[in-house]
Amino acid sequence: MIDLKTLTAAALATVTIASLTSAAMAETLRDNWCSDVKIRFFAGGAEGDAFASIVYNGAVQAAKDTGAQVDYVFSGWSSEKMIQQLREAIGAAPNGIAMMGHPGNAAIMPLAEEASAAGIKMMYQNVPVDEVTAKFGGGYVGAQQKPQGKALGEEAIRRFGLKAGDVAIVMSDWSQLERAERELGTLEAFEAAGLKVVKLQSPEGLGTDPNVGIPVITAAVTANPDVKIIAYPGGQPLGNAATYMQAAGKNAGDVINIGFDTSPQIVEAFKDGWVQLTSDQQPFLQGYMPILSLCQQVVYGLGSINVDTGAGFVTPDNYGAVADLAKEGLR
């Protein structure tokens, strides 16, 4: 026979233990849980540029949500400046650094080793540095460069009916090997389909001031008057497509303009018919997730986060879904 008094006592004891456990767990969950952690965050570009602003907004939101103490670093998309700033960041001995991968494996490797020896946690965003993370750890938040570029090229071929012999211009800073992998993927997709590809070198400072690309792009269009499509290396020049085309004497739709990212300028270019396709890499996440991961590593001892932010394509058919968020600096 079951003793009801014993059963009741056991049930009460179970409830009491569960209540105590829940209370103990609740005490470990808190606001500003990362408030003692100091982080240096690299936004990549200059203050106020379209892409870097969204990355920065993501990092600011993460700092607000976690309470982390974050110093923000702007580099004007200069790899040399990033490396110097990384040296300075390591010297300041923060708990963690979220670094843009643009300088590449060879340039970052010795500094990653120095950071590792000093116990500084590292995260990387926007451009992967696989050799660095394989040797010294750290996660990556961003699109996978070459697959993203290849997918953009293949989507353009399918969507616009491009065929062998069509002329395509692909623009990038080809001297930055890891960074140019994305545009190389687009170029290879075009070449595999038989397109005639013109490999165009980006002028210095294009990511900060897209107008420096006007003479380069107009010269390329003049030299290739039958060009069907131009692929740009980022949101700043893609958002300036109308200016380039007008300078070259082209009307909206005469040349297919494609590239990467979203911004208020790109939204307007979609609306007015100057841009036909872009690959979204969700820069807000590239700001938010590295801060979150560094906080989790330092406070909770968790492993680093790896996130592929390549979200898909924005087209004239769906750009309205991201238009308001782009205007707010979130997409």
# chains A, B, ... in the order shown; residues from 1 in each chain; ligands from 1
$ closest_atom_pairs --of "stretch 102-187 of chain A" --to "stretch 215-233 of chain A" --cutoff "6 Å" --atoms "only C-alpha atoms" --output "JSON lines"
{"residue": "A:Val167", "atom": "CA", "partner": "A:Val227", "partner_atom": "CA", "distance": 4.7}
{"residue": "A:Ala168", "atom": "CA", "partner": "A:Ile229", "partner_atom": "CA", "distance": 4.9}
{"residue": "A:Ile169", "atom": "CA", "partner": "A:Ile230", "partner_atom": "CA", "distance": 4.7}
{"residue": "A:Val170", "atom": "CA", "partner": "A:Ala231", "partner_atom": "CA", "distance": 4.8}
{"residue": "A:Met171", "atom": "CA", "partner": "A:Tyr232", "partner_atom": "CA", "distance": 5.4}
{"residue": "A:Ser172", "atom": "CA", "partner": "A:Pro233", "partner_atom": "CA", "distance": 5.3}
$ write_last_selection --atoms "N, CA and C atoms" --output "short mmCIF file (atom, residue, chain, number, x, y, z; two decimals), in the first residue's frame"
data_model
loop_
_atom_site.label_atom_id
_atom_site.label_comp_id
_atom_site.auth_asym_id
_atom_site.auth_seq_id
_atom_site.Cartn_x
_atom_site.Cartn_y
_atom_site.Cartn_z
N VAL A 167 29.85 40.32 -73.13
CA VAL A 167 30.96 40.98 -72.43
C VAL A 167 30.53 41.34 -71.00
N ALA A 168 31.38 40.98 -70.06
CA ALA A 168 31.14 41.29 -68.65
C ALA A 168 32.37 41.98 -68.07
N ILE A 169 32.16 42.99 -67.26
CA ILE A 169 33.23 43.65 -66.53
C ILE A 169 33.11 43.24 -65.06
N VAL A 170 34.20 42.74 -64.49
CA VAL A 170 34.23 42.38 -63.07
C VAL A 170 35.30 43.21 -62.40
N MET A 171 34.88 43.97 -61.42
CA MET A 171 35.77 44.92 -60.75
C MET A 171 36.12 44.45 -59.35
N SER A 172 37.41 44.61 -58.97
CA SER A 172 37.84 44.28 -57.61
C SER A 172 39.23 44.86 -57.39
#
$ residues_around --residues "stretch 79-82 of chain A" --least-positions-apart "6" --cutoff "9 Å" --atoms "only C-alpha atoms" --output "list of chain:residue names"
A:Phe42, A:Gly44, A:Val73, A:Met99, A:Met100, A:Gly101, A:His102, A:Pro103, A:Gly104, A:Gln176
$ atom_distance --atom1 "atom CA of A:Tyr288" --atom2 "atom CA of A:Gly259"
23.2 Å
$ closest_residue --among "A:Asp173, A:Glu113, A:Glu178, A:Asp254" --to "A:Lys199" --atoms "only C-alpha atoms"
A:Asp173
$ atom_distance --atom1 "atom CA of A:Gly301" --atom2 "atom CA of A:Ile54"
28.3 Å
$ select_by_dssp --residues "stretch 81-254 of chain A" --states "alpha helix (DSSP H)" --output "ChimeraX atom specification"
/A:81-91,105-117,130-136,145-160,181-192,214-223,235-239,241-247
$ residues_around --residues "stretch 186-194 of chain A" --least-positions-apart "6" --cutoff "7 Å" --atoms "only C-alpha atoms" --output "list in words"
Gly149, Lys150, Leu152, Gly153, Glu154, Lys163, Ala164, Gly165 and Val170 of chain A
$ closest_residue --among "A:Gly58, A:Gly96, A:Pro210, A:Gly138" --to "A:Asp36" --atoms "only C-alpha atoms"
A:Gly96
$ residues_around --residues "A:Gly91" --least-positions-apart "2" --cutoff "12 Å" --atoms "only C-alpha atoms" --output "list in words"
Arg40, Gln84, Gln85, Leu86, Arg87, Glu88, Ala89, Ala93, Pro94, Asn95, Gly96, Ile97, Leu111, Glu114, Ala115, Ala118 and Ile120 of chain A
$ decode --residues "stretch 50-76 of chain A" --atoms "N, CA and C atoms" --output "mmCIF file, in the first residue's frame"
data_model
loop_
_atom_site.group_PDB
_atom_site.id
_atom_site.type_symbol
_atom_site.label_atom_id
_atom_site.label_comp_id
_atom_site.auth_asym_id
_atom_site.auth_seq_id
_atom_site.Cartn_x
_atom_site.Cartn_y
_atom_site.Cartn_z
ATOM 1 N N ALA A 50 28.316 53.387 -46.222
ATOM 2 C CA ALA A 50 27.088 52.593 -46.215
ATOM 3 C C ALA A 50 27.258 51.249 -45.530
ATOM 4 N N PHE A 51 28.290 50.499 -45.889
ATOM 5 C CA PHE A 51 28.459 49.155 -45.336
ATOM 6 C C PHE A 51 28.948 49.214 -43.896
ATOM 7 N N ALA A 52 30.006 49.990 -43.651
ATOM 8 C CA ALA A 52 30.577 50.066 -42.307
ATOM 9 C C ALA A 52 29.558 50.564 -41.294
ATOM 10 N N SER A 53 28.650 51.422 -41.711
ATOM 11 C CA SER A 53 27.638 51.947 -40.796
ATOM 12 C C SER A 53 26.721 50.838 -40.296
ATOM 13 N N ILE A 54 26.372 49.912 -41.182
ATOM 14 C CA ILE A 54 25.490 48.811 -40.777
ATOM 15 C C ILE A 54 26.243 47.857 -39.852
ATOM 16 N N VAL A 55 27.502 47.571 -40.182
ATOM 17 C CA VAL A 55 28.327 46.740 -39.310
ATOM 18 C C VAL A 55 28.431 47.389 -37.925
ATOM 19 N N TYR A 56 28.708 48.672 -37.916
ATOM 20 C CA TYR A 56 28.826 49.425 -36.665
ATOM 21 C C TYR A 56 27.522 49.372 -35.865
ATOM 22 N N ASN A 57 26.393 49.559 -36.545
ATOM 23 C CA ASN A 57 25.106 49.517 -35.846
ATOM 24 C C ASN A 57 24.873 48.160 -35.193
ATOM 25 N N GLY A 58 25.271 47.095 -35.875
ATOM 26 C CA GLY A 58 25.146 45.766 -35.283
ATOM 27 C C GLY A 58 25.994 45.619 -34.036
ATOM 28 N N ALA A 59 27.226 46.137 -34.087
ATOM 29 C CA ALA A 59 28.118 46.057 -32.928
ATOM 30 C C ALA A 59 27.590 46.891 -31.767
ATOM 31 N N VAL A 60 27.066 48.072 -32.069
ATOM 32 C CA VAL A 60 26.511 48.937 -31.021
ATOM 33 C C VAL A 60 25.318 48.257 -30.350
ATOM 34 N N GLN A 61 24.478 47.600 -31.149
ATOM 35 C CA GLN A 61 23.335 46.889 -30.577
ATOM 36 C C GLN A 61 23.804 45.756 -29.666
ATOM 37 N N ALA A 62 24.839 45.026 -30.098
ATOM 38 C CA ALA A 62 25.364 43.930 -29.277
ATOM 39 C C ALA A 62 25.957 44.458 -27.973
ATOM 40 N N ALA A 63 26.658 45.596 -28.050
ATOM 41 C CA ALA A 63 27.225 46.189 -26.840
ATOM 42 C C ALA A 63 26.112 46.589 -25.874
ATOM 43 N N LYS A 64 25.035 47.127 -26.417
ATOM 44 C CA LYS A 64 23.909 47.516 -25.573
ATOM 45 C C LYS A 64 23.255 46.299 -24.935
ATOM 46 N N ASP A 65 23.116 45.221 -25.706
ATOM 47 C CA ASP A 65 22.445 44.025 -25.197
ATOM 48 C C ASP A 65 23.280 43.277 -24.166
ATOM 49 N N THR A 66 24.592 43.330 -24.294
ATOM 50 C CA THR A 66 25.466 42.561 -23.404
ATOM 51 C C THR A 66 26.098 43.400 -22.300
ATOM 52 N N GLY A 67 26.182 44.706 -22.524
ATOM 53 C CA GLY A 67 26.868 45.572 -21.572
ATOM 54 C C GLY A 67 28.361 45.671 -21.782
ATOM 55 N N ALA A 68 28.875 45.065 -22.853
ATOM 56 C CA ALA A 68 30.322 45.068 -23.104
ATOM 57 C C ALA A 68 30.856 46.482 -23.299
ATOM 58 N N GLN A 69 32.110 46.689 -22.901
ATOM 59 C CA GLN A 69 32.798 47.955 -23.123
ATOM 60 C C GLN A 69 33.521 47.859 -24.469
ATOM 61 N N VAL A 70 33.037 48.571 -25.467
ATOM 62 C CA VAL A 70 33.543 48.409 -26.829
ATOM 63 C C VAL A 70 34.152 49.715 -27.341
ATOM 64 N N ASP A 71 35.360 49.615 -27.852
ATOM 65 C CA ASP A 71 35.996 50.712 -28.583
ATOM 66 C C ASP A 71 35.908 50.387 -30.069
ATOM 67 N N TYR A 72 35.436 51.335 -30.867
ATOM 68 C CA TYR A 72 35.192 51.094 -32.284
ATOM 69 C C TYR A 72 36.329 51.674 -33.115
ATOM 70 N N VAL A 73 36.764 50.896 -34.105
ATOM 71 C CA VAL A 73 37.906 51.268 -34.940
ATOM 72 C C VAL A 73 37.442 51.369 -36.389
ATOM 73 N N PHE A 74 37.751 52.494 -37.039
ATOM 74 C CA PHE A 74 37.418 52.698 -38.450
ATOM 75 C C PHE A 74 38.717 52.799 -39.243
ATOM 76 N N SER A 75 38.750 52.131 -40.395
ATOM 77 C CA SER A 75 40.009 51.982 -41.132
ATOM 78 C C SER A 75 39.954 52.452 -42.574
ATOM 79 N N GLY A 76 38.808 52.916 -43.043
ATOM 80 C CA GLY A 76 38.703 53.358 -44.429
ATOM 81 C C GLY A 76 38.982 52.261 -45.434
#
